[in-house]
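Take a look at the structure below.
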Amino acid sequence: MSTQPLIAKIELFKVPPRWQFVKISTSDGNFGWGEPILEGKADTVAACIAEMSHHLLGKPAGHIEDLFQVMHRGGFYRGGPIISSAISGIEQALWDAKGKRLGVPIYELLGGPVRERVRLYSWIGGDQPEKLAHAARERVAQGYTGLKMNVTHQTDWIDSAALVDGVVAKTAAVREAIGAEVGLALDFHGRVHRGMAKVLLRELEPFRLMFVEEPVLVENFDAMREIARGSSVPIATGERLYTRWGFKQLLSDGVVDVIQPDISHAGGLWECRKIAAMAEAYDIAVALHCPLGPIALAASLQLDFCTPNAFIQEQVLGLQYGQASDKLDYLVGGQNFGFQDGFVPRSEKAGLGIEIDEAKVREAALTGHNWRNPGWRLPDGSFAEW
């Protein structure tokens with residue numbers, strides 16, 4: 001008979017600006033936190049968790065692999081953004097509880113640390129080259145050695161030379177502002193189609209980019225292959241792929257240089273560690289996707305500390321998505337993960353290594369949110385990718 005504590009209670013909290021947290025309490029009085037969210041679909045993920053709860057309540061909380069298998073395979077239909085995001089948050093909370101029960105960080109349970117600190121990159125924004133350059137200089141002054149920005153907005157299937165010139169001007173201004181020592185990545189956000197992606201990547205080669213993210217939508221696999229093989233710019237993608245099976249062809253075909261699984265979408269900590277190990281076998285780097293809240297960032301950092309091919313971590317400190325909440329608002333004492341000079345040092349704290357301000361979470365959940373991504377249209381009125 002198992003001596004593991006049992007899952008006793010599952011609570012969900014939808015909190016501003018666009019996040020959702022789960023607290024899983026166990027029969028020994030312990031608990032763990034996770035972040036089960038799909039941006040714009042919080043209520044749908046919450047319904048999925050409610051449906052999954054019969055797989056969880058009363059089961060051994062430490063049997064994380066078995067619970068993943070049951071949640072992933074037990075409903076006949078599997079994978080996809082909703083189910084995988086629900087599993088991800090639950091799985092994070094179970095690892096947090098297990099780490100706290102054993103008194104060790106999660107990375108110690110996944111093979112132990114491989115680095116002393118994790119490098120972060122910061123987002124910058126601005127519509128004009130000079131504004132982007134100013135923002136870039138500010139971030140570098142704060143210690144960041146990696147930056148990422150969007151350089152495209154609504155983009156037609158075949159767009160104008162003016163659009164191409166605008167992308168080049170923005171990139172040139174930032175590269176000139178930060179010099180060659182700072183890594184610079186561009187996020188096309190899946191807004192660009194194959195014809196324009198080929199043109200843009202050719203024009204961007206002189207700027208020696210860290211990577212270009214989602215040059216085309218990942219489901220356009222043939223286009224991604226053509227673009228990658230015709231350019232020397234490192235290609236990154238993966239935020240819209242789920243579980244190791246979603247990454248399988250992408251990795252085996254050698255199409256990309258950097259994969260970006262999201263720890264709150266792709267299946268959680270252990271699943272993302274498996275995805276990273278698959279990528280390592282193909283000599284592919286990992287830069288975990290994380291435009292989310294403090295729990296998702298904490299989970300990502302735990303994985304970064306024990307993953308050899310993880311080289312940089314996304315985070316969105318200060319990006320508030322139009323509301324007054326920030327990532328640190330829900331942490332006791334405004335913890336900032338020890339951020340210093342563009343890096344986060346390795347913490348020895350148990351579990352996820354953070355302390356959630358539960359009273360503040362419960363209060364914020366009374367307000368909740370109804371976040372939806374913007375809807376874009378081209379000049380002719382047709383739909384455009386955001």
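Identifiers in the structure tokens: chain A, B, ... in order shown; residue index from 1 per chain; ligand index from 1 in order shown.
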For the structure I just gave you, how does DSSP split range 218-374 of chain A - specifically, which residues are helix (DSSP H, G or I)? Reply as JSON, numbers by chain.
{"A": [221, 222, 223, 224, 225, 226, 227, 228, 229, 243, 244, 245, 246, 247, 248, 249, 250, 251, 252, 269, 270, 271, 272, 273, 274, 275, 276, 277, 278, 279, 280, 281, 294, 295, 296, 297, 298, 299, 300, 301, 302, 303, 304, 305, 327, 328, 329, 330, 332, 333, 334, 358, 359, 360, 361, 362, 363, 364, 365, 366, 367]}
Shell around His189 in chain A at 7 Å using only C-alpha atoms, local window under 2 positions removed, as a list in words
Asp187, Arg191, Glu213 and Glu214 of chain A
DSSP on the backbone, then: every residue of range 36-237 of chain A marked strand (DSSP E), written as an MDAnalysis selection string.
chainID A and resid 117:123 146:150 183:187 211:213 235:237
Writing out the chosen residues with N, CA and C atoms as a short mmCIF file (atom, residue, chain, number, x, y, z; two decimals), in the first residue's frame:
```cif
data_model
loop_
_atom_site.label_atom_id
_atom_site.label_comp_id
_atom_site.auth_asym_id
_atom_site.auth_seq_id
_atom_site.Cartn_x
_atom_site.Cartn_y
_atom_site.Cartn_z
N ARG A 117 23.08 29.81 -12.68
CA ARG A 117 22.12 30.88 -12.92
C ARG A 117 21.53 30.74 -14.31
N VAL A 118 20.37 31.33 -14.50
CA VAL A 118 19.64 31.26 -15.76
C VAL A 118 19.59 32.65 -16.39
N ARG A 119 19.96 32.71 -17.64
CA ARG A 119 19.92 33.96 -18.40
C ARG A 119 18.48 34.25 -18.83
N LEU A 120 18.06 35.52 -18.70
CA LEU A 120 16.73 35.95 -19.11
C LEU A 120 16.84 36.88 -20.32
N TYR A 121 15.77 36.91 -21.11
CA TYR A 121 15.67 38.00 -22.07
C TYR A 121 14.43 38.83 -21.78
N SER A 122 14.48 40.07 -22.21
CA SER A 122 13.39 41.00 -21.95
C SER A 122 12.74 41.43 -23.25
N TRP A 123 11.44 41.58 -23.21
CA TRP A 123 10.71 42.15 -24.34
C TRP A 123 10.91 43.66 -24.40
N GLY A 146 19.95 39.80 -23.43
CA GLY A 146 19.13 39.29 -24.52
C GLY A 146 17.82 40.06 -24.59
N LEU A 147 17.40 40.42 -25.80
CA LEU A 147 16.17 41.17 -26.02
C LEU A 147 15.35 40.48 -27.11
N LYS A 148 14.03 40.70 -27.05
CA LYS A 148 13.16 40.22 -28.12
C LYS A 148 12.10 41.27 -28.41
N MET A 149 11.68 41.35 -29.66
CA MET A 149 10.67 42.33 -30.03
C MET A 149 9.86 41.82 -31.22
N ASN A 150 8.63 42.37 -31.32
CA ASN A 150 7.83 42.20 -32.51
C ASN A 150 8.18 43.30 -33.50
N GLY A 183 22.24 39.68 -27.33
CA GLY A 183 21.44 38.87 -28.24
C GLY A 183 20.13 39.56 -28.59
N LEU A 184 19.73 39.47 -29.85
CA LEU A 184 18.50 40.10 -30.31
C LEU A 184 17.67 39.07 -31.08
N ALA A 185 16.44 38.86 -30.62
CA ALA A 185 15.52 37.93 -31.27
C ALA A 185 14.31 38.71 -31.78
N LEU A 186 13.76 38.26 -32.88
CA LEU A 186 12.54 38.84 -33.45
C LEU A 186 11.44 37.79 -33.40
N ASP A 187 10.23 38.23 -33.03
CA ASP A 187 9.08 37.35 -32.99
C ASP A 187 8.12 37.73 -34.11
N PHE A 211 17.64 34.58 -32.78
CA PHE A 211 16.71 33.71 -33.50
C PHE A 211 15.53 34.53 -34.01
N VAL A 212 14.80 33.97 -34.95
CA VAL A 212 13.49 34.49 -35.37
C VAL A 212 12.44 33.47 -34.94
N GLU A 213 11.46 33.96 -34.18
CA GLU A 213 10.44 33.09 -33.60
C GLU A 213 9.20 33.03 -34.48
N ILE A 235 16.12 29.49 -36.38
CA ILE A 235 14.66 29.48 -36.36
C ILE A 235 14.20 28.88 -35.04
N ALA A 236 13.21 29.54 -34.41
CA ALA A 236 12.64 29.07 -33.15
C ALA A 236 11.13 28.92 -33.30
N THR A 237 10.59 27.89 -32.66
CA THR A 237 9.14 27.70 -32.64
C THR A 237 8.79 26.66 -31.58
#
```
Å distance separating CA of Phe311 in chain A from CA of Glu348 in chain A, one decimal place
20.4 Å
Neighbours of Thr3 in chain A within 12 Å (only C-alpha atoms; same-chain residues fewer than 2 positions away dropped), as a ChimeraX atom specification?
/A:1,5-6,27-28,59-63
Write out as a PDB file with C-alpha atoms, in the first residue's frame which residues come within 9 Å of range 74-79 of chain A when counting only C-alpha atoms, dropping same-chain ones fewer than 5 positions away.
```
ATOM      1  CA  MET A  52     -10.401  15.526 -14.802  1.00  0.00           C
ATOM      2  CA  HIS A  55      -8.830  10.996 -11.981  1.00  0.00           C
ATOM      3  CA  GLN A  69      -0.568   9.095 -18.118  1.00  0.00           C
ATOM      4  CA  SER A  84      -2.517  19.844 -22.206  1.00  0.00           C
ATOM      5  CA  TYR A 242       1.728  20.121 -27.044  1.00  0.00           C
ATOM      6  CA  THR A 243       3.403  17.081 -25.466  1.00  0.00           C
ATOM      7  CA  TRP A 245       4.344  13.836 -29.685  1.00  0.00           C
ATOM      8  CA  GLY A 246       3.630  17.334 -30.955  1.00  0.00           C
ATOM      9  CA  ALA A 266       2.922  21.488 -23.359  1.00  0.00           C
ATOM     10  CA  GLY A 267       2.264  19.099 -20.457  1.00  0.00           C
TER      11      GLY A 267
END
```
Leaving out Cys272 in chain A and any residue of its chain fewer than 5 positions from it, which residues lie within 12 Å of it when counting only C-alpha atoms, given as an MDAnalysis selection string?
chainID A and resid 84 88 91:92 110 238:239 241:247 259:267 277:279 286:289 299:300 302:304 306:307 310
Next, the residues of the selection above should be written as a CSV table (one decimal), in the first residue's frame with C-alpha atoms.
```csv
chain,number,residue,atom,x,y,z
A,84,SER,CA,-2.5,19.8,-22.2
A,88,SER,CA,0.3,21.3,-17.1
A,91,GLU,CA,1.4,18.7,-12.9
A,92,GLN,CA,3.2,21.8,-11.7
A,110,LEU,CA,14.7,16.0,-12.1
A,238,GLY,CA,7.1,25.5,-30.4
A,239,GLU,CA,4.8,27.6,-28.2
A,241,LEU,CA,2.9,22.5,-29.8
A,242,TYR,CA,1.7,20.1,-27.0
A,243,THR,CA,3.4,17.1,-25.5
A,244,ARG,CA,6.4,15.3,-26.9
A,245,TRP,CA,4.3,13.8,-29.7
A,246,GLY,CA,3.6,17.3,-31.0
A,247,PHE,CA,7.4,18.0,-31.2
A,259,ILE,CA,12.4,24.9,-29.5
A,260,GLN,CA,10.0,26.8,-27.2
A,261,PRO,CA,7.7,24.5,-25.3
A,262,ASP,CA,5.5,26.3,-22.8
A,263,ILE,CA,5.5,24.7,-19.4
A,264,SER,CA,1.8,25.7,-18.9
A,265,HIS,CA,0.7,24.4,-22.3
A,266,ALA,CA,2.9,21.5,-23.4
A,267,GLY,CA,2.3,19.1,-20.5
A,277,ALA,CA,15.9,15.7,-23.9
A,278,MET,CA,14.6,14.8,-27.3
A,279,ALA,CA,15.8,18.1,-28.6
A,286,VAL,CA,15.7,25.2,-25.7
A,287,ALA,CA,14.2,28.6,-24.8
A,288,LEU,CA,11.1,27.9,-22.8
A,289,HIS,CA,8.1,30.1,-23.8
A,299,ALA,CA,8.3,26.3,-13.0
A,300,SER,CA,10.3,27.3,-16.1
A,302,GLN,CA,13.2,25.0,-12.2
A,303,LEU,CA,13.5,23.2,-15.5
A,304,ASP,CA,16.2,25.6,-16.8
A,306,CYS,CA,18.4,21.0,-14.7
A,307,THR,CA,18.3,21.1,-18.5
A,310,ALA,CA,18.2,25.4,-22.1
```
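Between Glu314 in chain A and the candidates A:Tyr144, A:Ala177, A:Ser25, A:Glu205, the tightest atom-to-atom separation, counting only C-alpha atoms, involves A:Tyr144.
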Leaving out Ser53 in chain A and any residue of its chain fewer than 5 positions from it, which residues lie within 10 Å of it when counting only C-alpha atoms, given as a PyMOL selection string?
chain A and resi 7+9-10+47-48+58+71+90
Produce a file of the selected residues containing C-alpha atoms, as a short mmCIF file (atom, residue, chain, number, x, y, z; two decimals), in the first residue's frame.
```cif
data_model
loop_
_atom_site.label_atom_id
_atom_site.label_comp_id
_atom_site.auth_asym_id
_atom_site.auth_seq_id
_atom_site.Cartn_x
_atom_site.Cartn_y
_atom_site.Cartn_z
CA ILE A 7 -4.85 14.55 -3.34
CA LYS A 9 -8.66 19.28 -2.75
CA ILE A 10 -8.29 21.18 -6.03
CA ALA A 47 -13.95 23.13 -17.03
CA CYS A 48 -11.41 20.58 -18.25
CA GLY A 58 -8.04 10.52 -3.51
CA MET A 71 -4.97 12.46 -17.52
CA ILE A 90 -2.01 20.29 -12.25
#
```
Need to verify the contact set: His153 in chain A, 12 Å, only C-alpha atoms, exclusion of same-chain residues closer than 5 positions in sequence. Can you return it as a ChimeraX atom specification?
/A:126-127,159,163-164,166-167,187-192,374-378,384-386
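For the set A:Lys360, A:Ala173, A:Ile106, A:Leu352, the residue with the smallest atom-to-atom gap to Leu132 in chain A is A:Ala173, counting only C-alpha atoms.
Using only C-alpha atoms, the shortest contact distance between Asp257 in chain A and any of A:Asp165, A:Glu138, A:Glu11, A:Glu280 is found at A:Glu280.
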